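Structure file start-v7.txt with compact mmCIF, N, CA and C atoms:
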```txt
# COMPACT_ATOMS: atom_id res chain seq x y z
N MET A 29 17.38 -7.36 34.22
CA MET A 29 17.79 -8.33 33.22
C MET A 29 16.82 -8.33 32.04
N LYS A 30 15.52 -8.22 32.37
CA LYS A 30 14.50 -8.21 31.33
C LYS A 30 14.66 -6.99 30.42
N ASN A 31 15.01 -5.84 31.01
CA ASN A 31 15.21 -4.62 30.23
C ASN A 31 16.38 -4.77 29.27
N HIS A 32 17.44 -5.44 29.70
CA HIS A 32 18.59 -5.65 28.81
C HIS A 32 18.21 -6.49 27.61
N PHE A 33 17.35 -7.47 27.83
CA PHE A 33 16.88 -8.32 26.75
C PHE A 33 16.11 -7.49 25.72
N TYR A 34 15.20 -6.63 26.18
CA TYR A 34 14.41 -5.81 25.28
C TYR A 34 15.26 -4.79 24.53
N ILE A 35 16.25 -4.24 25.21
CA ILE A 35 17.16 -3.30 24.54
C ILE A 35 17.95 -4.01 23.46
N ALA A 36 18.48 -5.18 23.78
CA ALA A 36 19.25 -5.95 22.79
C ALA A 36 18.37 -6.35 21.61
N LEU A 37 17.15 -6.78 21.88
CA LEU A 37 16.22 -7.17 20.82
C LEU A 37 15.90 -5.98 19.91
N THR A 38 15.65 -4.83 20.54
CA THR A 38 15.35 -3.61 19.77
C THR A 38 16.53 -3.24 18.88
N LEU A 39 17.74 -3.29 19.40
CA LEU A 39 18.92 -2.97 18.61
C LEU A 39 19.10 -3.95 17.46
N MET A 40 18.87 -5.24 17.71
CA MET A 40 19.04 -6.24 16.67
C MET A 40 18.03 -6.05 15.54
N VAL A 41 16.86 -5.53 15.84
CA VAL A 41 15.84 -5.32 14.82
C VAL A 41 16.06 -4.01 14.07
N PHE A 42 16.27 -2.92 14.81
CA PHE A 42 16.28 -1.60 14.19
C PHE A 42 17.64 -1.16 13.65
N LEU A 43 18.73 -1.65 14.17
CA LEU A 43 20.04 -1.25 13.67
C LEU A 43 20.25 -1.68 12.23
N PRO A 44 19.99 -2.95 11.87
CA PRO A 44 20.11 -3.32 10.45
C PRO A 44 19.14 -2.55 9.56
N LEU A 45 17.94 -2.29 10.07
CA LEU A 45 16.97 -1.53 9.30
C LEU A 45 17.45 -0.12 9.04
N SER A 46 18.05 0.52 10.03
CA SER A 46 18.55 1.89 9.83
C SER A 46 19.71 1.91 8.85
N MET A 47 20.55 0.89 8.86
CA MET A 47 21.65 0.82 7.90
C MET A 47 21.12 0.66 6.49
N PHE A 48 20.08 -0.17 6.32
CA PHE A 48 19.47 -0.36 5.01
C PHE A 48 18.84 0.93 4.52
N THR A 49 18.15 1.62 5.41
CA THR A 49 17.52 2.89 5.06
C THR A 49 18.56 3.91 4.64
N GLN A 50 19.67 3.99 5.37
CA GLN A 50 20.73 4.94 5.03
C GLN A 50 21.31 4.64 3.66
N THR A 51 21.50 3.35 3.37
CA THR A 51 22.03 2.96 2.06
C THR A 51 21.09 3.41 0.96
N LYS A 52 19.79 3.19 1.14
CA LYS A 52 18.82 3.62 0.14
C LYS A 52 18.82 5.14 0.00
N CYS A 53 18.96 5.85 1.10
CA CYS A 53 18.98 7.31 1.05
C CYS A 53 20.23 7.80 0.30
N ASP A 54 21.34 7.12 0.50
CA ASP A 54 22.58 7.53 -0.16
C ASP A 54 22.52 7.37 -1.67
N THR A 55 21.68 6.48 -2.19
CA THR A 55 21.60 6.29 -3.63
C THR A 55 20.86 7.42 -4.33
N LEU A 56 20.12 8.23 -3.58
CA LEU A 56 19.37 9.32 -4.20
C LEU A 56 20.29 10.35 -4.84
N GLY A 57 21.46 10.57 -4.27
CA GLY A 57 22.41 11.53 -4.84
C GLY A 57 22.80 11.17 -6.26
N ALA A 58 23.03 9.89 -6.50
CA ALA A 58 23.40 9.44 -7.85
C ALA A 58 22.23 9.62 -8.82
N ILE A 59 21.03 9.36 -8.34
CA ILE A 59 19.85 9.55 -9.19
C ILE A 59 19.71 11.02 -9.57
N LEU A 60 19.87 11.91 -8.58
CA LEU A 60 19.75 13.35 -8.85
C LEU A 60 20.88 13.85 -9.75
N GLU A 61 22.06 13.30 -9.57
CA GLU A 61 23.18 13.68 -10.44
C GLU A 61 22.84 13.38 -11.90
N GLY A 62 22.19 12.23 -12.12
CA GLY A 62 21.75 11.87 -13.47
C GLY A 62 20.70 12.83 -14.00
N ILE A 63 19.79 13.26 -13.14
CA ILE A 63 18.75 14.21 -13.56
C ILE A 63 19.36 15.56 -13.90
N ILE A 64 20.33 15.99 -13.12
CA ILE A 64 20.95 17.30 -13.36
C ILE A 64 21.72 17.29 -14.68
N LYS A 65 22.33 16.17 -15.01
CA LYS A 65 23.13 16.10 -16.25
C LYS A 65 22.32 15.57 -17.43
N GLN A 66 21.01 15.34 -17.22
CA GLN A 66 20.15 14.84 -18.28
C GLN A 66 20.15 15.79 -19.47
N ASP A 67 20.05 15.25 -20.64
CA ASP A 67 20.04 16.02 -21.89
C ASP A 67 21.36 16.77 -22.10
N GLU A 68 22.41 16.32 -21.45
CA GLU A 68 23.72 16.95 -21.55
C GLU A 68 23.67 18.45 -21.29
N ALA A 69 22.76 18.86 -20.43
CA ALA A 69 22.64 20.27 -20.07
C ALA A 69 23.80 20.67 -19.18
N SER A 70 24.15 21.93 -19.19
CA SER A 70 25.27 22.44 -18.39
C SER A 70 24.79 22.98 -17.05
N PHE A 71 24.10 22.14 -16.28
CA PHE A 71 23.62 22.54 -14.96
C PHE A 71 24.60 22.06 -13.90
N TYR A 72 24.77 22.90 -12.88
CA TYR A 72 25.68 22.58 -11.78
C TYR A 72 24.96 22.81 -10.46
N SER A 73 25.11 21.89 -9.53
CA SER A 73 24.49 22.02 -8.23
C SER A 73 24.97 23.28 -7.53
N ASP A 74 24.10 23.89 -6.75
CA ASP A 74 24.50 25.07 -5.98
C ASP A 74 25.29 24.69 -4.73
N GLY A 75 25.55 23.39 -4.56
CA GLY A 75 26.35 22.92 -3.43
C GLY A 75 25.53 22.46 -2.25
N GLN A 76 24.23 22.74 -2.28
CA GLN A 76 23.34 22.31 -1.21
C GLN A 76 22.61 21.04 -1.64
N SER A 77 22.48 20.11 -0.72
CA SER A 77 21.71 18.91 -0.95
C SER A 77 20.72 18.79 0.19
N TYR A 78 19.45 18.86 -0.12
CA TYR A 78 18.42 18.85 0.90
C TYR A 78 17.88 17.43 1.01
N LYS A 79 18.25 16.73 2.09
CA LYS A 79 17.80 15.36 2.32
C LYS A 79 16.83 15.33 3.49
N TYR A 80 15.78 14.54 3.32
CA TYR A 80 14.76 14.44 4.35
C TYR A 80 14.23 13.02 4.41
N PHE A 81 13.77 12.63 5.56
CA PHE A 81 12.96 11.42 5.69
C PHE A 81 11.55 11.91 5.92
N LEU A 82 10.70 11.68 4.94
CA LEU A 82 9.33 12.19 5.01
C LEU A 82 8.35 11.07 5.31
N GLY A 83 7.41 11.35 6.18
CA GLY A 83 6.33 10.43 6.45
C GLY A 83 5.09 10.88 5.70
N GLN A 84 4.05 10.11 5.86
CA GLN A 84 2.79 10.44 5.20
C GLN A 84 2.31 11.81 5.68
N ASP A 85 1.90 12.65 4.76
CA ASP A 85 1.38 13.99 5.04
C ASP A 85 2.42 14.96 5.58
N GLU A 86 3.71 14.66 5.47
CA GLU A 86 4.75 15.61 5.89
C GLU A 86 5.26 16.37 4.67
N THR A 87 5.54 17.64 4.90
CA THR A 87 6.05 18.52 3.85
C THR A 87 7.29 19.22 4.38
N THR A 88 8.26 19.38 3.50
CA THR A 88 9.45 20.14 3.86
C THR A 88 9.44 21.44 3.08
N GLU A 89 10.01 22.48 3.66
CA GLU A 89 10.08 23.78 3.00
C GLU A 89 11.52 24.23 2.90
N ILE A 90 11.87 24.73 1.73
CA ILE A 90 13.20 25.28 1.48
C ILE A 90 13.00 26.70 0.99
N VAL A 91 13.60 27.65 1.66
CA VAL A 91 13.52 29.05 1.24
C VAL A 91 14.83 29.39 0.54
N THR A 92 14.72 29.91 -0.67
CA THR A 92 15.91 30.22 -1.45
C THR A 92 15.66 31.47 -2.30
N THR A 93 16.73 32.05 -2.78
CA THR A 93 16.64 33.21 -3.66
C THR A 93 17.10 32.80 -5.06
N PHE A 94 16.29 33.12 -6.05
CA PHE A 94 16.65 32.91 -7.44
C PHE A 94 17.02 34.28 -8.02
N TYR A 95 18.15 34.32 -8.74
CA TYR A 95 18.70 35.61 -9.18
C TYR A 95 18.38 35.90 -10.64
N GLU A 96 18.12 37.17 -10.88
CA GLU A 96 17.79 37.70 -12.21
C GLU A 96 18.79 37.23 -13.26
N GLY A 97 18.25 36.82 -14.41
CA GLY A 97 19.09 36.45 -15.54
C GLY A 97 19.65 35.04 -15.48
N SER A 98 19.29 34.26 -14.47
CA SER A 98 19.83 32.91 -14.32
C SER A 98 18.80 31.87 -14.74
N THR A 99 19.31 30.70 -15.13
CA THR A 99 18.47 29.55 -15.45
C THR A 99 18.73 28.49 -14.39
N TYR A 100 17.66 27.94 -13.85
CA TYR A 100 17.76 26.98 -12.75
C TYR A 100 17.09 25.67 -13.12
N ARG A 101 17.49 24.62 -12.41
CA ARG A 101 16.82 23.32 -12.47
C ARG A 101 16.61 22.85 -11.05
N ILE A 102 15.36 22.59 -10.70
CA ILE A 102 15.04 21.96 -9.42
C ILE A 102 14.83 20.49 -9.72
N ALA A 103 15.54 19.63 -9.01
CA ALA A 103 15.43 18.19 -9.22
C ALA A 103 15.12 17.50 -7.90
N THR A 104 14.21 16.53 -7.94
CA THR A 104 13.83 15.80 -6.74
C THR A 104 13.83 14.30 -7.01
N SER A 105 14.02 13.55 -5.93
CA SER A 105 13.94 12.09 -6.03
C SER A 105 13.59 11.52 -4.67
N ALA A 106 12.85 10.41 -4.71
CA ALA A 106 12.54 9.65 -3.50
C ALA A 106 12.67 8.16 -3.80
N GLY A 107 13.43 7.84 -4.84
CA GLY A 107 13.62 6.44 -5.20
C GLY A 107 13.79 6.27 -6.69
N LEU A 108 13.69 5.03 -7.12
CA LEU A 108 13.94 4.72 -8.52
C LEU A 108 12.88 5.23 -9.47
N GLU A 109 11.67 5.39 -9.00
CA GLU A 109 10.62 5.93 -9.86
C GLU A 109 10.74 7.45 -9.89
N ASP A 110 10.53 8.03 -11.05
CA ASP A 110 10.67 9.48 -11.21
C ASP A 110 9.55 10.27 -10.55
N ASN A 111 8.42 9.67 -10.32
CA ASN A 111 7.25 10.46 -9.95
C ASN A 111 6.81 10.31 -8.50
N TYR A 112 7.70 9.98 -7.59
CA TYR A 112 7.34 9.85 -6.18
C TYR A 112 7.16 11.19 -5.49
N MET A 113 7.84 12.23 -5.97
CA MET A 113 7.86 13.52 -5.28
C MET A 113 6.92 14.53 -5.94
N VAL A 114 6.31 15.33 -5.08
CA VAL A 114 5.52 16.47 -5.53
C VAL A 114 6.20 17.70 -4.95
N PHE A 115 6.46 18.70 -5.80
CA PHE A 115 7.02 19.94 -5.28
C PHE A 115 6.34 21.14 -5.90
N ASP A 116 6.22 22.18 -5.09
CA ASP A 116 5.62 23.44 -5.52
C ASP A 116 6.62 24.56 -5.26
N VAL A 117 6.69 25.51 -6.17
CA VAL A 117 7.51 26.70 -5.99
C VAL A 117 6.55 27.85 -5.75
N LEU A 118 6.73 28.51 -4.60
CA LEU A 118 5.83 29.58 -4.18
C LEU A 118 6.59 30.91 -4.11
N ASP A 119 5.90 31.99 -4.47
CA ASP A 119 6.52 33.30 -4.33
C ASP A 119 6.38 33.79 -2.89
N GLU A 120 6.78 35.03 -2.64
CA GLU A 120 6.78 35.57 -1.27
C GLU A 120 5.38 35.67 -0.67
N GLU A 121 4.35 35.76 -1.53
CA GLU A 121 2.98 35.80 -1.03
C GLU A 121 2.32 34.43 -1.05
N ARG A 122 3.13 33.40 -1.28
CA ARG A 122 2.72 31.99 -1.30
C ARG A 122 1.82 31.65 -2.48
N ASN A 123 1.93 32.44 -3.57
CA ASN A 123 1.27 32.08 -4.81
C ASN A 123 2.09 30.99 -5.47
N VAL A 124 1.42 29.99 -6.03
CA VAL A 124 2.12 28.89 -6.69
C VAL A 124 2.62 29.36 -8.05
N LEU A 125 3.93 29.33 -8.23
CA LEU A 125 4.55 29.68 -9.50
C LEU A 125 4.67 28.45 -10.39
N PHE A 126 4.88 27.29 -9.76
CA PHE A 126 5.00 26.04 -10.49
C PHE A 126 4.67 24.89 -9.55
N SER A 127 4.01 23.88 -10.07
CA SER A 127 3.77 22.63 -9.34
C SER A 127 4.01 21.48 -10.30
N ASN A 128 4.89 20.57 -9.92
CA ASN A 128 5.13 19.43 -10.81
C ASN A 128 3.94 18.46 -10.79
N ALA A 129 3.01 18.62 -9.84
CA ALA A 129 1.81 17.78 -9.83
C ALA A 129 0.99 18.01 -11.10
N SER A 130 1.10 19.19 -11.68
CA SER A 130 0.41 19.50 -12.94
C SER A 130 1.11 18.88 -14.14
N HIS A 131 2.26 18.26 -13.90
CA HIS A 131 3.06 17.68 -14.98
C HIS A 131 3.45 16.24 -14.64
N ALA A 132 2.49 15.48 -14.12
CA ALA A 132 2.69 14.06 -13.78
C ALA A 132 3.86 13.84 -12.83
N ASN A 133 4.04 14.76 -11.88
CA ASN A 133 5.13 14.69 -10.89
C ASN A 133 6.50 14.60 -11.55
N ALA A 134 6.71 15.39 -12.58
CA ALA A 134 8.01 15.40 -13.27
C ALA A 134 9.13 15.57 -12.25
N PRO A 135 10.25 14.84 -12.41
CA PRO A 135 11.32 14.89 -11.41
C PRO A 135 12.14 16.17 -11.42
N TYR A 136 11.97 17.01 -12.45
CA TYR A 136 12.71 18.27 -12.46
C TYR A 136 11.95 19.32 -13.24
N TRP A 137 12.37 20.57 -13.02
CA TRP A 137 11.79 21.71 -13.72
C TRP A 137 12.91 22.69 -14.01
N ASP A 138 12.99 23.12 -15.26
CA ASP A 138 13.95 24.14 -15.68
C ASP A 138 13.19 25.46 -15.87
N PHE A 139 13.79 26.55 -15.43
CA PHE A 139 13.13 27.84 -15.56
C PHE A 139 14.15 28.97 -15.56
N ASN A 140 13.76 30.07 -16.20
CA ASN A 140 14.56 31.29 -16.24
C ASN A 140 13.97 32.30 -15.27
N VAL A 141 14.82 33.10 -14.67
CA VAL A 141 14.36 34.11 -13.73
C VAL A 141 14.61 35.49 -14.33
N LYS A 142 13.55 36.26 -14.46
CA LYS A 142 13.66 37.60 -15.04
C LYS A 142 13.96 38.65 -13.99
N ASN A 143 13.49 38.42 -12.76
CA ASN A 143 13.73 39.33 -11.64
C ASN A 143 14.12 38.51 -10.43
N THR A 144 15.08 39.00 -9.67
CA THR A 144 15.49 38.30 -8.45
C THR A 144 14.28 38.15 -7.54
N ILE A 145 14.09 36.93 -7.01
CA ILE A 145 12.92 36.65 -6.18
C ILE A 145 13.26 35.61 -5.12
N GLU A 146 12.73 35.83 -3.93
CA GLU A 146 12.85 34.83 -2.88
C GLU A 146 11.64 33.90 -2.98
N CYS A 147 11.90 32.61 -3.00
CA CYS A 147 10.84 31.62 -3.15
C CYS A 147 10.92 30.56 -2.06
N THR A 148 9.81 29.90 -1.86
CA THR A 148 9.75 28.74 -0.98
C THR A 148 9.43 27.53 -1.85
N ILE A 149 10.20 26.49 -1.68
CA ILE A 149 9.93 25.23 -2.36
C ILE A 149 9.36 24.28 -1.32
N GLU A 150 8.16 23.82 -1.56
CA GLU A 150 7.54 22.82 -0.69
C GLU A 150 7.62 21.48 -1.39
N ALA A 151 8.14 20.48 -0.69
CA ALA A 151 8.28 19.15 -1.27
C ALA A 151 7.64 18.12 -0.35
N ARG A 152 7.01 17.13 -0.96
CA ARG A 152 6.36 16.06 -0.21
C ARG A 152 6.27 14.82 -1.09
N LEU A 153 6.03 13.70 -0.46
CA LEU A 153 5.83 12.46 -1.20
C LEU A 153 4.40 12.43 -1.73
N ASP A 154 4.23 11.86 -2.92
CA ASP A 154 2.89 11.65 -3.46
C ASP A 154 2.28 10.47 -2.71
N PRO A 155 1.24 10.69 -1.90
CA PRO A 155 0.69 9.61 -1.07
C PRO A 155 0.09 8.47 -1.88
N ASN A 156 -0.19 8.69 -3.16
CA ASN A 156 -0.70 7.62 -4.01
C ASN A 156 0.41 6.72 -4.53
N LYS A 157 1.67 7.13 -4.32
CA LYS A 157 2.79 6.37 -4.86
C LYS A 157 3.75 5.87 -3.79
N LYS A 158 3.91 6.65 -2.70
CA LYS A 158 4.85 6.27 -1.64
C LYS A 158 4.42 6.96 -0.36
N LEU A 159 4.34 6.20 0.73
CA LEU A 159 3.83 6.76 1.98
C LEU A 159 4.92 7.37 2.86
N ASN A 160 6.14 6.84 2.80
CA ASN A 160 7.22 7.40 3.59
C ASN A 160 8.55 6.97 3.01
N GLY A 161 9.59 7.69 3.38
CA GLY A 161 10.92 7.33 2.91
C GLY A 161 11.80 8.54 2.73
N CYS A 162 13.00 8.27 2.27
CA CYS A 162 13.98 9.32 2.03
C CYS A 162 13.60 10.11 0.79
N ALA A 163 13.89 11.39 0.86
CA ALA A 163 13.66 12.28 -0.27
C ALA A 163 14.82 13.25 -0.34
N GLN A 164 15.13 13.67 -1.54
CA GLN A 164 16.23 14.61 -1.72
C GLN A 164 15.87 15.60 -2.81
N LEU A 165 16.31 16.84 -2.62
CA LEU A 165 16.08 17.90 -3.58
C LEU A 165 17.39 18.63 -3.81
N ILE A 166 17.65 18.96 -5.06
CA ILE A 166 18.84 19.74 -5.42
C ILE A 166 18.41 20.89 -6.31
N ILE A 167 18.99 22.05 -6.07
CA ILE A 167 18.80 23.21 -6.94
C ILE A 167 20.10 23.39 -7.71
N ALA A 168 19.97 23.46 -9.03
CA ALA A 168 21.15 23.62 -9.87
C ALA A 168 20.95 24.86 -10.74
N PHE A 169 22.06 25.39 -11.21
CA PHE A 169 22.00 26.55 -12.10
C PHE A 169 22.75 26.22 -13.38
N LYS A 170 22.38 26.89 -14.44
CA LYS A 170 23.01 26.66 -15.73
C LYS A 170 24.18 27.62 -15.87
N LYS A 171 25.31 27.06 -16.21
CA LYS A 171 26.50 27.88 -16.40
C LYS A 171 26.33 28.69 -17.69
N ALA A 172 26.60 29.98 -17.58
CA ALA A 172 26.48 30.86 -18.75
C ALA A 172 27.49 30.44 -19.81
N ASP A 173 27.05 30.49 -21.06
CA ASP A 173 27.93 30.11 -22.18
C ASP A 173 28.97 31.16 -22.49
```
Entire entry expressed as structure tokens:
Amino acid sequence: MKNHFYIALTLMVFLPLSMFTQTKCDTLGAILEGIIKQDEASFYSDGQSYKYFLGQDETTEIVTTFYEGSTYRIATSAGLEDNYMVFDVLDEERNVLFSNASHANAPYWDFNVKNTIECTIEARLDPNKKLNGCAQLIIAFKKAD
């Protein structure tokens, strides 16, 4: 009987919290959609949406290929503030090609690719701004004119 009480209490506490967390996570897509369409640029999502719940000191890695002659936008969000996320783009030898930490944690980066390259994108929360929570990253490409 005592176990049933603890199970019910746990559900009453954590179930509403998980629903609230999911709602907050779902709003990130709209924020990223705004970033992708910022400046009326012709960027389109590649169809992948990378969502994560990150804790303190956790990093996620996304391996992707960027193709020669294309223009890309990497956009990240972890909430209403633009600068919660830190992301690095690494080449195959793990050399840093770009880090938004060098640009006040800018929420996106636009770049052109001269040669097809496989890269790893490492994303994490800035521990000085947010310790844990939902994070989302989208890779978009610019439609050729």
Run DSSP on the backbone of this structure and report the residues of region 83-133 of chain A it assigns to helix (DSSP H, G or I), as a PDB file with N, CA and C atoms, in the frame of the given file.
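And here's states_24.pdb as it stands now:
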```pdb
ATOM      1  N   ASN A 128       4.890  20.570  -9.920  1.00  0.00           N
ATOM      2  CA  ASN A 128       5.130  19.430 -10.810  1.00  0.00           C
ATOM      3  C   ASN A 128       3.940  18.460 -10.790  1.00  0.00           C
ATOM      4  N   ALA A 129       3.010  18.620  -9.840  1.00  0.00           N
ATOM      5  CA  ALA A 129       1.810  17.780  -9.830  1.00  0.00           C
ATOM      6  C   ALA A 129       0.990  18.010 -11.100  1.00  0.00           C
ATOM      7  N   SER A 130       1.100  19.190 -11.680  1.00  0.00           N
ATOM      8  CA  SER A 130       0.410  19.500 -12.940  1.00  0.00           C
ATOM      9  C   SER A 130       1.110  18.880 -14.140  1.00  0.00           C
ATOM     10  N   HIS A 131       2.260  18.260 -13.900  1.00  0.00           N
ATOM     11  CA  HIS A 131       3.060  17.680 -14.980  1.00  0.00           C
ATOM     12  C   HIS A 131       3.450  16.240 -14.640  1.00  0.00           C
TER      13      HIS A 131
END
```
> Looking at A:Gly83, A:Cys53, A:Asn143, A:Ile167, which one is nearest to Tyr95 (chain A), with distances taken over all atoms listed in the file?
Replying inline: A:Asn143
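CA of Gly161 (chain A) sits 27.3 Å away from CA of Thr93 (chain A).
Nearest to Lys170 (chain A) of all the residues A:Phe81, A:Asp67, A:Thr99, A:Val91 is A:Thr99, based on only N, CA and C atoms.
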>> With only C-alpha atoms as the counted atoms, please give the residues lying no more than 10 Å from Phe139 (chain A), apart from itself and same-chain residues fewer than 6 positions off, as a PyMOL selection string.
In response: chain A and resi 98-102+126+169-170
